[in-house]
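> Below you will find the structure I want to go over with you.
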Amino acid sequence: MFEYQFHDEYTLAEVTDKLGKKALELGLIHSFVVRYFADSRQYYIPDEIMSEPLTPEQAYMTLKKLVEQTKL
């Protein structure tokens with residue numbers, strides 16, 4: 001049975017941080033920046049042209065897609 005890795009915004013951000021570190025280790029991205037605020041986080045995953053701040057949800061989906069593609 002599938003078990004969710006996150007249950008709220010805080011745990012989603014924690015899982016996103018772990019995915020970012022894994023993507024770095026696999027060499028899928030060259031840098032990963034997290035800006036911490038009192039009530040939220042912003043993620044920066046630089047690409048060749050520019051990097052815009054991502055919400056935890058956007059960063060999670062982007063990183064999950066990258067990591068899953070390497071497993072195929």
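Letters A, B, ... mark the chains of the structure tokens in the order given; residue numbers begin at 1 per chain; ligand numbers begin at 1, in order shown.
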Could you pull out all residues of chain A with a DSSP call of helix (DSSP H, G or I) and give them as a PyMOL selection string?
chain A and resi 9-25+56-71
> Env of Ala59 of chain A: 9 Å cut, atoms = only C-alpha atoms, seq-sep filter 3 positions within chain, self excluded. Answer as JSON, numbers by chain.
{"A": [13, 16, 20, 42, 43, 44, 45, 53, 54, 55, 56, 62, 63, 64]}
> Interatomic distance between atom CA of Tyr10 of chain A and atom CA of Ala23 of chain A?
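Rounded to one decimal, the two atoms are 20.1 Å apart.
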> Report as a list in words all protein, DNA and RNA residues lying within 10 Å of segment 24-30 of chain A, evaluated on only C-alpha atoms, omitting residues in the same chain fewer than 3 positions from it.
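Final neighbour list, sorted by chain and number: Lys18, Leu19, Gly20, Lys21, Ile45, Pro46, Asp47, Leu63, Leu66, Val67 and Thr70 of chain A.
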> How would the residues just chosen look if you wrote them out with C-alpha atoms as an mmCIF file, in the first residue's frame?

```cif
data_model
loop_
_atom_site.group_PDB
_atom_site.id
_atom_site.type_symbol
_atom_site.label_atom_id
_atom_site.label_comp_id
_atom_site.auth_asym_id
_atom_site.auth_seq_id
_atom_site.Cartn_x
_atom_site.Cartn_y
_atom_site.Cartn_z
ATOM 1 C CA LYS A 18 15.379 15.859 0.317
ATOM 2 C CA LEU A 19 14.455 15.539 -3.366
ATOM 3 C CA GLY A 20 16.623 18.570 -4.147
ATOM 4 C CA LYS A 21 19.589 17.013 -2.380
ATOM 5 C CA ILE A 45 16.329 25.467 -9.377
ATOM 6 C CA PRO A 46 18.487 27.317 -11.916
ATOM 7 C CA ASP A 47 18.254 26.385 -15.550
ATOM 8 C CA LEU A 63 12.268 17.561 -8.723
ATOM 9 C CA LEU A 66 13.625 14.742 -12.713
ATOM 10 C CA VAL A 67 14.450 12.009 -10.209
ATOM 11 C CA THR A 70 16.526 8.740 -14.070
#
```
> In Å, with one decimal, what is the gap from atom CA of Phe6 of chain A to atom CA of Arg41 of chain A?
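Distance between the two atoms: 15.5 Å.
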> Would you mind reading off the distance between atom CA of Arg35 of chain A and atom CA of Glu9 of chain A, one decimal, in Å?
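Taking atom CA of Arg35 of chain A and atom CA of Glu9 of chain A, their separation equals 15.1 Å.
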